[in-house]
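Each remark here refers to the structure printed beneath this line.
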Amino acid sequence: MTYSSIDPREMHRLGAGVQTAGRDLADCAAQLRGLMDMLGVGHPGVAAIDRAGRWLTDQAPDLYRRRDLAYEAEGVRTDVFGHPVAGSVVPPGQVRIHESRLIPAKDRAAAALAAPLFQAAANGDAAALERLAAYRERMSDPAFATALVEELGPQLIVTLPAVMAQRVRKALAAGQDSVEAMRRDNGEVLKALSTALATATTPGEQPRVDVRFLDELKRQGREPVAFLEQEGVPGYWALGQLLASRPAAPYSAWFMSTVGLDLIRWDRDYLRAHGVLPLVNDRDFTYVLAAPADTRPFADSAVPGTVDPVAALLHQARASRDGAQALLGHGDNLKYLLHDRRPQWAQGDRGEALGEAMRAAMTGADADSKRLAVLATQLVADDVKPSVSVGADGTIQVKEPSQLDALSGIRPAMGTILAEHTDDIVSAYYKNLKRPEDGQLVSMFDAKNVGEFSPPDIDLVLLDVTADDTAYDTLLKGQIAHMRKEVDEAIATHNRTYLENAITWDSITLGHVLEARKLALVARGKEADETDAAFKKLVEEGIGLVPIPFSGQVGKVGVKAVESAYEKFVQGGYAKAGDWLAKQSGHEGDKTTKAFGDASTNEKAVEQLVRQMLESSAVAHEYYRRTELDKQIFAVGDPPRIKPPHLMNSQEYGAFADWIRSYTRVPADLGAAKQHVSTGAHDLATGLRAAGGGSNG
């Protein structure tokens, strides 16, 4: 890495001097050319003077950029002209800067040629669009991208999407057949520009725009877009159409924590001042602006429409945990997005983009992920609680569940979030604590972050989230993976107390999930016996029979290997581990034969599930007596060992199930699991009745 040491004040003076000299030489050349033309004298030397002036003028931006890098390194805030703002102090002496942050002249020259093509293409110039295609790959190059967005400037960046939208609206009003092709071309321009903006706002040891640029971009976002026939269209609306264009480069956490945060503040301010900001579709001719590209922001609709800028921002935020946390972890943004903004989500994607950002921000093991997950659970619970009522016969009811569907798009993400924090969820039911205060959402235990969820909040969220098939499937598989890990670890370490606790509290937690699913679907007109199908199918396919990878090696290398073996199993998350178990069991690939008859109830299915896990773990860890094993059809090898249960056919499994009851060292108190899942279901119902208040009969 090459560095330079410069004095920013001297560099400012040098840049100003070079810029002035260049301008003066250019003026001198112009005057000489005029005089010589009057005298009829040739002037070959004047061109050299003009070239020298232009060269000096071209050097000034590079000198100013060195100055700005030094300012940035010293934390000096500057105005749009590069002068330190009032109160700023420039430390004396030299500052060390990265030479790699500078933009080569060839990249600036290329950007100067590309910038007018964006303007022409936005106005429908097909030739400009074709020429612009040659620069497509360069939009992800930091030097070129930074030079390009600086050449265009913040005002033009927010103006171009609006210009395209205005052209589309005129074409729609005129009934032209070219709208589809127009939107397709616009999409190419928006994607290229968005990729360049994302690249140019990514920090690191490469060129990028400075803070002044982002400050101006924020200002333009809050201003009405210039040169439009309709007044009052905010720049952030146009920026949202740009963000929605599926750029080839992700937007950085720096962009999210600067422009992104301000966009949400603007949205909040606008909502308070004007009410819900309407999304516009092709059939709505009230507004001059239409969707510039073929975006479909309306849930369950094939009609193109303008993008909700906040939804577009949050969709981009899902690319990184840092970026998502920068948006959702700031102030009370999460409360605003989950509660105050419900009417806005209802007319758009119903919070799907919000859910994607939440998934990115809340599924990690870090303290911020845990804190935001607990906070999200509290906020969702507060919105679900008013919908819970109790009938005259004591049955739990969900009043007008369609009102909760305004945020149905976050349910799959919430299912994943809860699944990935299954450790904490199971612990919450065991500890049964009240809702923690804001500063106590996360604690530390055994050097790990623990999210302090409260059971009443979890139950209310489950009542809403399990209405979604994808969310329920994720929760179910995550919970099964957690129980699988706990049971196997207990048997591997010969810890009977640990095993009994695992069966007890994982069964209780499963009871909460299963009962919430039943109540959620019954509230939406489903038959009660339909609600058990997904869980029973998993058990019927033998998901509990699948051994944890590498767990069979634990006994050979010692108990110290236990922790690493089980951490490896869930290193991608409980939801991923649950998916793996389901696929190995044949649930998604029919790799195994069903080993037993259909489970008639959820309680019976949980009993069967625990039996599967105990049997599989006993085999994996050879936790059985070998009496007459050589005579059994389920034994393989010499000396004989029991074949992995999930690979047995139904005849082998039947013989194995009879044999293992007599010769295993695993406790056989399976009735406890059946009892505990009923306890969990009862606890959830009791808690929801309390949340629902009085009778609604």
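Chain lettering (A, B, ...) mirrors the order of the structure tokens, residue numbering begins at 1 for each chain separately, and ligand numbering begins at 1 in order of display.
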Would you kindly return, as a count of residues only, each protein, DNA or RNA residue with an atom no farther than 9 Å from any atom of Ile480 of chain A, considering only C-alpha atoms and excluding same-chain residues fewer than 6 positions away?
8
At a cut-off of 12 Å, using only C-alpha atoms, what residues contact Glu603 of chain A? Leave out same-chain residues fewer than 5 positions from it and give the result as a list of chain:residue names.
A:Ser507, A:Ile508, A:Leu510, A:Gly511, A:His512, A:Leu514, A:Glu515, A:Asp532, A:Phe535, A:Lys536, A:Val539, A:Gln608, A:Leu609, A:Val610, A:Leu670, A:Gly671, A:Ala672, A:Ala673, A:Lys674, A:Gln675, A:His676, A:Val677, A:Ser678, A:Thr679, A:Gly680, A:Ala681
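Within segment 574-669 of chain A, the backbone-based DSSP assignment of strand (DSSP E or B) covers Tyr624, Ala635, Val636, Arg641, Ile642 and Thr664 of chain A.
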Ranking A:Val487, A:Val390, A:Leu32, A:Ala685 by minimum distance to Val513 of chain A and counting only C-alpha atoms, which one comes first?
A:Ala685
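Of note, atom CA of Glu628 of chain A and atom CA of Ile642 of chain A are spaced 11.6 Å apart.
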Please provide the set of residues having any atom within 7 Å of segment 443-458 of chain A, restricted to only C-alpha atoms, with same-chain residues fewer than 3 positions apart removed, written as an mmCIF file with all heavy atoms, in the first residue's frame.
data_model
loop_
_atom_site.group_PDB
_atom_site.id
_atom_site.type_symbol
_atom_site.label_atom_id
_atom_site.label_comp_id
_atom_site.auth_asym_id
_atom_site.auth_seq_id
_atom_site.Cartn_x
_atom_site.Cartn_y
_atom_site.Cartn_z
ATOM 1 N N ALA A 365 -25.504 -14.712 16.538
ATOM 2 C CA ALA A 365 -25.284 -14.994 17.960
ATOM 3 C C ALA A 365 -24.698 -13.793 18.690
ATOM 4 O O ALA A 365 -24.453 -13.867 19.900
ATOM 5 C CB ALA A 365 -24.352 -16.197 18.108
ATOM 6 N N ASP A 366 -24.480 -12.680 17.984
ATOM 7 C CA ASP A 366 -23.915 -11.480 18.606
ATOM 8 C C ASP A 366 -24.974 -10.785 19.449
ATOM 9 O O ASP A 366 -26.185 -11.015 19.305
ATOM 10 C CB ASP A 366 -23.388 -10.521 17.533
ATOM 11 C CG ASP A 366 -24.475 -10.137 16.533
ATOM 12 O OD1 ASP A 366 -24.888 -11.035 15.750
ATOM 13 O OD2 ASP A 366 -24.932 -8.990 16.536
ATOM 14 N N ALA A 367 -24.525 -9.923 20.336
ATOM 15 C CA ALA A 367 -25.432 -9.250 21.271
ATOM 16 C C ALA A 367 -26.457 -8.388 20.553
ATOM 17 O O ALA A 367 -27.627 -8.338 20.954
ATOM 18 C CB ALA A 367 -24.630 -8.412 22.264
ATOM 19 N N LYS A 370 -29.255 -10.535 19.114
ATOM 20 C CA LYS A 370 -30.125 -11.024 20.186
ATOM 21 C C LYS A 370 -31.024 -9.894 20.701
ATOM 22 O O LYS A 370 -32.230 -10.088 20.921
ATOM 23 C CB LYS A 370 -29.279 -11.568 21.335
ATOM 24 C CG LYS A 370 -28.373 -12.733 20.973
ATOM 25 C CD LYS A 370 -29.105 -14.048 21.050
ATOM 26 C CE LYS A 370 -28.152 -15.225 20.894
ATOM 27 N NZ LYS A 370 -28.853 -16.528 20.979
ATOM 28 N N ARG A 371 -30.434 -8.726 20.899
ATOM 29 C CA ARG A 371 -31.207 -7.601 21.433
ATOM 30 C C ARG A 371 -32.339 -7.232 20.495
ATOM 31 O O ARG A 371 -33.489 -7.039 20.921
ATOM 32 C CB ARG A 371 -30.290 -6.396 21.651
ATOM 33 C CG ARG A 371 -31.003 -5.151 22.172
ATOM 34 C CD ARG A 371 -30.020 -3.998 22.379
ATOM 35 N NE ARG A 371 -29.389 -3.588 21.138
ATOM 36 C CZ ARG A 371 -29.945 -2.764 20.252
ATOM 37 N NH1 ARG A 371 -31.161 -2.272 20.469
ATOM 38 N NH2 ARG A 371 -29.308 -2.426 19.157
ATOM 39 N N VAL A 374 -35.187 -9.893 20.500
ATOM 40 C CA VAL A 374 -36.068 -9.778 21.664
ATOM 41 C C VAL A 374 -36.977 -8.565 21.508
ATOM 42 O O VAL A 374 -38.188 -8.633 21.766
ATOM 43 C CB VAL A 374 -35.253 -9.677 22.964
ATOM 44 C CG1 VAL A 374 -36.170 -9.426 24.161
ATOM 45 C CG2 VAL A 374 -34.441 -10.950 23.190
ATOM 46 N N THR A 377 -39.734 -9.182 19.037
ATOM 47 C CA THR A 377 -40.753 -10.051 19.623
ATOM 48 C C THR A 377 -41.702 -9.246 20.504
ATOM 49 O O THR A 377 -42.925 -9.434 20.465
ATOM 50 C CB THR A 377 -40.083 -11.171 20.440
ATOM 51 O OG1 THR A 377 -39.190 -11.898 19.597
ATOM 52 C CG2 THR A 377 -41.103 -12.128 21.008
ATOM 53 N N GLN A 378 -41.162 -8.332 21.284
ATOM 54 C CA GLN A 378 -42.005 -7.488 22.134
ATOM 55 C C GLN A 378 -42.944 -6.615 21.301
ATOM 56 O O GLN A 378 -44.137 -6.484 21.614
ATOM 57 C CB GLN A 378 -41.129 -6.618 23.031
ATOM 58 C CG GLN A 378 -40.318 -7.384 24.060
ATOM 59 C CD GLN A 378 -39.438 -6.470 24.893
ATOM 60 O OE1 GLN A 378 -39.351 -5.268 24.640
ATOM 61 N NE2 GLN A 378 -38.769 -7.034 25.895
ATOM 62 N N ALA A 381 -45.627 -8.699 19.588
ATOM 63 C CA ALA A 381 -46.574 -9.163 20.613
ATOM 64 C C ALA A 381 -47.551 -8.056 21.002
ATOM 65 O O ALA A 381 -48.754 -8.307 21.185
ATOM 66 C CB ALA A 381 -45.811 -9.660 21.843
ATOM 67 N N ASP A 424 -32.483 -19.914 23.331
ATOM 68 C CA ASP A 424 -33.003 -18.887 24.235
ATOM 69 C C ASP A 424 -34.505 -19.048 24.466
ATOM 70 O O ASP A 424 -35.003 -18.747 25.552
ATOM 71 C CB ASP A 424 -32.707 -17.493 23.674
ATOM 72 C CG ASP A 424 -31.217 -17.248 23.491
ATOM 73 O OD1 ASP A 424 -30.418 -17.962 24.109
ATOM 74 O OD2 ASP A 424 -30.862 -16.342 22.715
ATOM 75 N N ILE A 425 -35.226 -19.501 23.432
ATOM 76 C CA ILE A 425 -36.671 -19.687 23.571
ATOM 77 C C ILE A 425 -36.962 -20.798 24.587
ATOM 78 O O ILE A 425 -37.809 -20.644 25.481
ATOM 79 C CB ILE A 425 -37.309 -20.036 22.213
ATOM 80 C CG1 ILE A 425 -37.050 -18.919 21.193
ATOM 81 C CG2 ILE A 425 -38.789 -20.310 22.370
ATOM 82 C CD1 ILE A 425 -37.702 -17.613 21.489
ATOM 83 N N ALA A 428 -36.266 -19.590 27.942
ATOM 84 C CA ALA A 428 -37.277 -18.636 28.418
ATOM 85 C C ALA A 428 -38.459 -19.361 29.057
ATOM 86 O O ALA A 428 -38.972 -18.936 30.096
ATOM 87 C CB ALA A 428 -37.755 -17.767 27.259
ATOM 88 N N TYR A 429 -38.893 -20.454 28.433
ATOM 89 C CA TYR A 429 -40.011 -21.208 29.026
ATOM 90 C C TYR A 429 -39.596 -21.847 30.354
ATOM 91 O O TYR A 429 -40.413 -21.981 31.269
ATOM 92 C CB TYR A 429 -40.501 -22.274 28.051
ATOM 93 C CG TYR A 429 -41.311 -21.710 26.915
ATOM 94 C CD1 TYR A 429 -40.943 -21.928 25.592
ATOM 95 C CD2 TYR A 429 -42.451 -20.951 27.161
ATOM 96 C CE1 TYR A 429 -41.685 -21.405 24.546
ATOM 97 C CE2 TYR A 429 -43.195 -20.419 26.112
ATOM 98 C CZ TYR A 429 -42.806 -20.648 24.811
ATOM 99 O OH TYR A 429 -43.538 -20.115 23.777
ATOM 100 N N ASN A 432 -39.225 -18.668 32.752
ATOM 101 C CA ASN A 432 -40.546 -18.050 32.929
ATOM 102 C C ASN A 432 -40.450 -16.656 33.545
ATOM 103 O O ASN A 432 -41.152 -16.322 34.503
ATOM 104 C CB ASN A 432 -41.452 -18.940 33.783
ATOM 105 C CG ASN A 432 -42.918 -18.545 33.645
ATOM 106 O OD1 ASN A 432 -43.337 -18.026 32.610
ATOM 107 N ND2 ASN A 432 -43.694 -18.783 34.687
ATOM 108 N N LEU A 433 -39.594 -15.813 32.958
ATOM 109 C CA LEU A 433 -39.397 -14.466 33.472
ATOM 110 C C LEU A 433 -40.368 -13.486 32.819
ATOM 111 O O LEU A 433 -40.891 -13.725 31.731
ATOM 112 C CB LEU A 433 -37.959 -14.013 33.205
ATOM 113 C CG LEU A 433 -36.852 -14.862 33.846
ATOM 114 C CD1 LEU A 433 -35.493 -14.337 33.425
ATOM 115 C CD2 LEU A 433 -36.986 -14.859 35.354
ATOM 116 N N LYS A 434 -40.572 -12.352 33.484
ATOM 117 C CA LYS A 434 -41.379 -11.286 32.919
ATOM 118 C C LYS A 434 -40.587 -10.577 31.819
ATOM 119 O O LYS A 434 -39.384 -10.766 31.673
ATOM 120 C CB LYS A 434 -41.772 -10.285 34.013
ATOM 121 C CG LYS A 434 -42.687 -10.867 35.082
ATOM 122 C CD LYS A 434 -43.044 -9.807 36.120
ATOM 123 C CE LYS A 434 -43.973 -10.365 37.184
ATOM 124 N NZ LYS A 434 -44.321 -9.339 38.205
ATOM 125 N N ARG A 435 -41.278 -9.733 31.072
ATOM 126 C CA ARG A 435 -40.615 -8.973 30.014
ATOM 127 C C ARG A 435 -39.488 -8.132 30.595
ATOM 128 O O ARG A 435 -39.708 -7.356 31.525
ATOM 129 C CB ARG A 435 -41.615 -8.073 29.302
ATOM 130 C CG ARG A 435 -40.976 -7.161 28.260
ATOM 131 C CD ARG A 435 -41.982 -6.228 27.602
ATOM 132 N NE ARG A 435 -42.818 -6.924 26.646
ATOM 133 C CZ ARG A 435 -43.639 -6.301 25.788
ATOM 134 N NH1 ARG A 435 -43.715 -4.967 25.799
ATOM 135 N NH2 ARG A 435 -44.379 -6.988 24.944
ATOM 136 N N PRO A 436 -38.271 -8.247 30.058
ATOM 137 C CA PRO A 436 -37.144 -7.476 30.600
ATOM 138 C C PRO A 436 -37.215 -6.007 30.209
ATOM 139 O O PRO A 436 -37.881 -5.632 29.232
ATOM 140 C CB PRO A 436 -35.929 -8.157 29.961
ATOM 141 C CG PRO A 436 -36.452 -8.703 28.671
ATOM 142 C CD PRO A 436 -37.877 -9.120 28.945
ATOM 143 N N GLN A 440 -31.906 -4.723 29.549
ATOM 144 C CA GLN A 440 -31.676 -6.088 30.013
ATOM 145 C C GLN A 440 -32.157 -7.128 29.002
ATOM 146 O O GLN A 440 -32.488 -8.251 29.365
ATOM 147 C CB GLN A 440 -32.394 -6.294 31.354
ATOM 148 C CG GLN A 440 -31.935 -5.321 32.435
ATOM 149 C CD GLN A 440 -32.791 -5.411 33.690
ATOM 150 O OE1 GLN A 440 -33.917 -5.881 33.656
ATOM 151 N NE2 GLN A 440 -32.241 -4.942 34.803
ATOM 152 N N VAL A 461 -46.508 -13.893 19.635
ATOM 153 C CA VAL A 461 -45.863 -13.886 18.321
ATOM 154 C C VAL A 461 -46.122 -15.207 17.597
ATOM 155 O O VAL A 461 -46.402 -15.229 16.394
ATOM 156 C CB VAL A 461 -44.351 -13.624 18.458
ATOM 157 C CG1 VAL A 461 -43.656 -13.769 17.108
ATOM 158 C CG2 VAL A 461 -44.105 -12.228 19.018
ATOM 159 N N LEU A 462 -46.047 -16.328 18.319
ATOM 160 C CA LEU A 462 -46.319 -17.630 17.702
ATOM 161 C C LEU A 462 -47.737 -17.689 17.153
ATOM 162 O O LEU A 462 -47.985 -18.268 16.085
ATOM 163 C CB LEU A 462 -46.113 -18.753 18.720
ATOM 164 C CG LEU A 462 -44.676 -19.073 19.122
ATOM 165 C CD1 LEU A 462 -44.652 -20.139 20.214
ATOM 166 C CD2 LEU A 462 -43.864 -19.545 17.920
ATOM 167 N N GLY A 687 -51.871 -18.610 28.968
ATOM 168 C CA GLY A 687 -51.265 -17.289 28.799
ATOM 169 C C GLY A 687 -52.038 -16.415 27.837
ATOM 170 O O GLY A 687 -52.211 -15.210 28.063
#
Backbone-only DSSP, helix (DSSP H, G or I) members of segment 402-592 of chain A, as a ChimeraX atom specification:
/A:402-420,422-431,438-440,455-465,469-492,496-522,528-530,533-540,543-545,551-557,561-569,574-585
Output for the residues just chosen: C-alpha atoms as a compact mmCIF listing (two decimals), in the first residue's frame:
# COMPACT_ATOMS: atom_id res chain seq x y z
CA SER A 402 -56.92 -9.98 8.42
CA GLN A 403 -55.86 -6.86 10.32
CA LEU A 404 -52.73 -8.68 11.41
CA ASP A 405 -52.11 -9.60 7.78
CA ALA A 406 -50.96 -6.03 7.09
CA LEU A 407 -47.55 -7.35 8.14
CA SER A 408 -47.95 -10.92 6.95
CA GLY A 409 -44.77 -10.50 4.91
CA ILE A 410 -42.57 -10.57 8.02
CA ARG A 411 -43.89 -13.94 9.22
CA PRO A 412 -41.38 -16.17 7.36
CA ALA A 413 -38.53 -14.02 8.68
CA MET A 414 -39.89 -14.04 12.23
CA GLY A 415 -40.15 -17.81 12.01
CA THR A 416 -36.46 -18.00 11.10
CA ILE A 417 -35.49 -15.51 13.80
CA LEU A 418 -37.24 -17.47 16.54
CA ALA A 419 -35.90 -20.76 15.17
CA GLU A 420 -32.31 -19.50 15.22
CA THR A 422 -34.29 -21.75 19.90
CA ASP A 423 -31.74 -22.11 22.71
CA ASP A 424 -33.00 -18.89 24.23
CA ILE A 425 -36.67 -19.69 23.57
CA VAL A 426 -36.45 -23.03 25.39
CA SER A 427 -34.57 -21.32 28.22
CA ALA A 428 -37.28 -18.64 28.42
CA TYR A 429 -40.01 -21.21 29.03
CA TYR A 430 -37.84 -22.80 31.70
CA LYS A 431 -37.03 -19.49 33.46
CA ASP A 438 -34.73 -2.15 27.64
CA GLY A 439 -31.23 -2.43 29.08
CA GLN A 440 -31.68 -6.09 30.01
CA PRO A 455 -42.98 -16.49 27.40
CA PRO A 456 -46.09 -14.25 27.05
CA ASP A 457 -44.42 -12.34 24.20
CA ILE A 458 -43.27 -15.52 22.48
CA ASP A 459 -46.75 -17.03 22.63
CA LEU A 460 -48.41 -13.96 21.13
CA VAL A 461 -45.86 -13.89 18.32
CA LEU A 462 -46.32 -17.63 17.70
CA LEU A 463 -50.07 -17.09 17.40
CA ASP A 464 -49.40 -14.72 14.52
CA VAL A 465 -46.31 -16.23 12.89
CA ASP A 469 -46.81 -22.30 6.38
CA THR A 470 -43.17 -21.39 5.69
CA ALA A 471 -42.68 -19.80 9.11
CA TYR A 472 -44.28 -22.77 10.86
CA ASP A 473 -42.15 -25.26 8.94
CA THR A 474 -39.00 -23.33 9.87
CA LEU A 475 -39.99 -23.14 13.55
CA LEU A 476 -40.83 -26.82 13.65
CA LYS A 477 -37.61 -27.98 12.05
CA GLY A 478 -35.53 -25.62 14.18
CA GLN A 479 -37.12 -26.92 17.35
CA ILE A 480 -36.64 -30.55 16.27
CA ALA A 481 -32.98 -29.85 15.47
CA HIS A 482 -32.50 -28.34 18.92
CA MET A 483 -34.06 -31.34 20.65
CA ARG A 484 -32.01 -33.69 18.46
CA LYS A 485 -28.81 -31.96 19.50
CA GLU A 486 -29.71 -31.93 23.20
CA VAL A 487 -30.78 -35.59 23.34
CA ASP A 488 -27.72 -36.78 21.47
CA GLU A 489 -25.34 -34.74 23.62
CA ALA A 490 -26.96 -36.06 26.81
CA ILE A 491 -26.55 -39.67 25.70
CA ALA A 492 -23.01 -39.07 24.44
CA ARG A 496 -29.35 -38.73 32.55
CA THR A 497 -30.38 -35.48 34.27
CA TYR A 498 -29.42 -33.48 31.19
CA LEU A 499 -31.43 -35.93 29.06
CA GLU A 500 -34.54 -35.63 31.22
CA ASN A 501 -34.33 -31.83 31.17
CA ALA A 502 -33.89 -31.80 27.40
CA ILE A 503 -36.92 -34.02 26.85
CA THR A 504 -38.98 -31.98 29.32
CA TRP A 505 -38.34 -28.45 28.10
CA ASP A 506 -38.02 -29.16 24.40
CA SER A 507 -41.31 -31.07 24.54
CA ILE A 508 -42.96 -28.18 26.37
CA THR A 509 -41.64 -25.72 23.78
CA LEU A 510 -42.92 -27.95 20.98
CA GLY A 511 -46.29 -27.93 22.72
CA HIS A 512 -46.39 -24.13 22.55
CA VAL A 513 -45.53 -24.13 18.84
CA LEU A 514 -48.02 -26.86 17.93
CA GLU A 515 -50.89 -25.32 19.89
CA ALA A 516 -50.20 -21.84 18.46
CA ARG A 517 -50.38 -23.30 14.95
CA LYS A 518 -53.71 -24.93 15.70
CA LEU A 519 -55.21 -21.73 17.14
CA ALA A 520 -53.86 -19.59 14.29
CA LEU A 521 -55.35 -21.79 11.57
CA VAL A 522 -58.67 -22.40 13.32
CA ALA A 528 -58.49 -28.46 13.80
CA ASP A 529 -57.39 -31.87 12.56
CA GLU A 530 -55.76 -30.29 9.50
CA ALA A 533 -50.31 -32.64 9.37
CA ALA A 534 -46.90 -31.01 8.89
CA PHE A 535 -45.45 -32.14 12.20
CA LYS A 536 -46.85 -35.66 11.98
CA LYS A 537 -45.44 -36.06 8.47
CA LEU A 538 -41.95 -35.16 9.70
CA VAL A 539 -42.19 -37.77 12.42
CA GLU A 540 -43.68 -40.39 10.12
CA ILE A 543 -36.73 -37.22 11.17
CA GLY A 544 -35.73 -38.22 14.72
CA LEU A 545 -33.93 -41.34 13.49
CA SER A 551 -21.61 -37.63 16.76
CA GLY A 552 -20.63 -41.28 16.50
CA GLN A 553 -16.99 -40.25 16.84
CA VAL A 554 -17.52 -38.56 20.22
CA GLY A 555 -17.04 -41.70 22.27
CA LYS A 556 -13.84 -42.57 20.44
CA VAL A 557 -12.07 -39.26 20.91
CA ALA A 561 -15.02 -33.52 21.52
CA VAL A 562 -18.69 -33.23 22.40
CA GLU A 563 -18.95 -29.44 22.28
CA SER A 564 -17.27 -29.06 18.89
CA ALA A 565 -19.31 -31.88 17.38
CA TYR A 566 -22.63 -30.33 18.34
CA GLU A 567 -21.59 -26.77 17.54
CA LYS A 568 -20.63 -27.96 14.07
CA PHE A 569 -24.09 -29.48 13.64
CA TYR A 574 -31.09 -24.48 13.81
CA ALA A 575 -33.33 -23.91 10.79
CA LYS A 576 -30.61 -25.16 8.44
CA ALA A 577 -29.91 -28.13 10.71
CA GLY A 578 -33.63 -28.96 10.74
CA ASP A 579 -33.77 -28.83 6.94
CA TRP A 580 -30.81 -31.20 6.79
CA LEU A 581 -32.50 -33.66 9.14
CA ALA A 582 -35.68 -33.57 7.07
CA LYS A 583 -33.82 -34.29 3.83
CA GLN A 584 -31.81 -37.11 5.39
CA SER A 585 -34.98 -38.70 6.73
Please report, as CSV, each residue of segment 74-176 of chain A lying at most 12 Å from segment 249-272 of chain A, together with the nearest pair of atoms and the separation in Å rounded to one decimal; use only C-alpha atoms, and order rows by chain and ascending residue number.
residue,atom,partner,partner_atom,distance
A:Glu137,CA,A:Ala249,CA,11.1
A:Arg138,CA,A:Ala249,CA,11.5
A:Met139,CA,A:Ala249,CA,8.8
A:Ser140,CA,A:Ala249,CA,6.6
A:Asp141,CA,A:Ala249,CA,10.0
A:Pro142,CA,A:Ala249,CA,10.8
A:Ala145,CA,A:Ala249,CA,11.1
A:Pro154,CA,A:Val259,CA,11.7
Output file for the residues above (all heavy atoms, as a compact mmCIF listing (two decimals), in the first residue's frame):
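Result went into out11.txt, see below:
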# COMPACT_ATOMS: atom_id res chain seq x y z
N GLU A 137 -19.70 -3.29 -17.08
CA GLU A 137 -18.80 -4.00 -16.16
C GLU A 137 -18.01 -3.03 -15.28
O GLU A 137 -17.54 -3.41 -14.21
CB GLU A 137 -17.84 -4.88 -16.95
CG GLU A 137 -18.52 -5.97 -17.77
CD GLU A 137 -19.39 -6.88 -16.90
OE1 GLU A 137 -18.95 -7.21 -15.78
OE2 GLU A 137 -20.49 -7.24 -17.35
N ARG A 138 -17.88 -1.79 -15.70
CA ARG A 138 -17.08 -0.82 -14.95
C ARG A 138 -17.84 -0.20 -13.78
O ARG A 138 -17.24 0.48 -12.95
CB ARG A 138 -16.55 0.28 -15.87
CG ARG A 138 -15.69 -0.25 -17.01
CD ARG A 138 -14.90 0.85 -17.67
NE ARG A 138 -13.89 1.41 -16.78
CZ ARG A 138 -13.06 2.39 -17.12
NH1 ARG A 138 -13.13 2.92 -18.33
NH2 ARG A 138 -12.18 2.86 -16.27
N MET A 139 -19.14 -0.44 -13.73
CA MET A 139 -19.94 0.14 -12.65
C MET A 139 -19.54 -0.42 -11.28
O MET A 139 -19.83 0.19 -10.25
CB MET A 139 -21.43 -0.10 -12.89
CG MET A 139 -21.96 0.49 -14.17
SD MET A 139 -21.76 2.29 -14.25
CE MET A 139 -22.03 2.58 -16.01
N SER A 140 -18.91 -1.58 -11.26
CA SER A 140 -18.46 -2.18 -10.00
C SER A 140 -17.00 -1.89 -9.70
O SER A 140 -16.45 -2.41 -8.72
CB SER A 140 -18.68 -3.70 -10.04
OG SER A 140 -20.05 -4.01 -10.16
N ASP A 141 -16.38 -1.08 -10.55
CA ASP A 141 -14.98 -0.67 -10.31
C ASP A 141 -14.99 0.61 -9.47
O ASP A 141 -15.54 1.63 -9.89
CB ASP A 141 -14.29 -0.42 -11.64
CG ASP A 141 -12.92 0.22 -11.46
OD1 ASP A 141 -12.13 -0.29 -10.65
OD2 ASP A 141 -12.65 1.26 -12.10
N PRO A 142 -14.39 0.59 -8.26
CA PRO A 142 -14.49 1.75 -7.36
C PRO A 142 -14.02 3.06 -7.96
O PRO A 142 -14.65 4.10 -7.74
CB PRO A 142 -13.63 1.33 -6.16
CG PRO A 142 -13.66 -0.16 -6.17
CD PRO A 142 -13.68 -0.55 -7.63
N ALA A 145 -16.60 4.06 -10.80
CA ALA A 145 -17.92 4.33 -10.22
C ALA A 145 -17.91 5.62 -9.42
O ALA A 145 -18.86 6.42 -9.50
CB ALA A 145 -18.35 3.16 -9.35
N PRO A 154 -25.26 14.51 -6.85
CA PRO A 154 -26.45 14.03 -6.15
C PRO A 154 -27.78 14.47 -6.76
O PRO A 154 -28.73 13.70 -6.81
CB PRO A 154 -26.27 14.61 -4.74
CG PRO A 154 -24.80 14.77 -4.58
CD PRO A 154 -24.31 15.17 -5.93
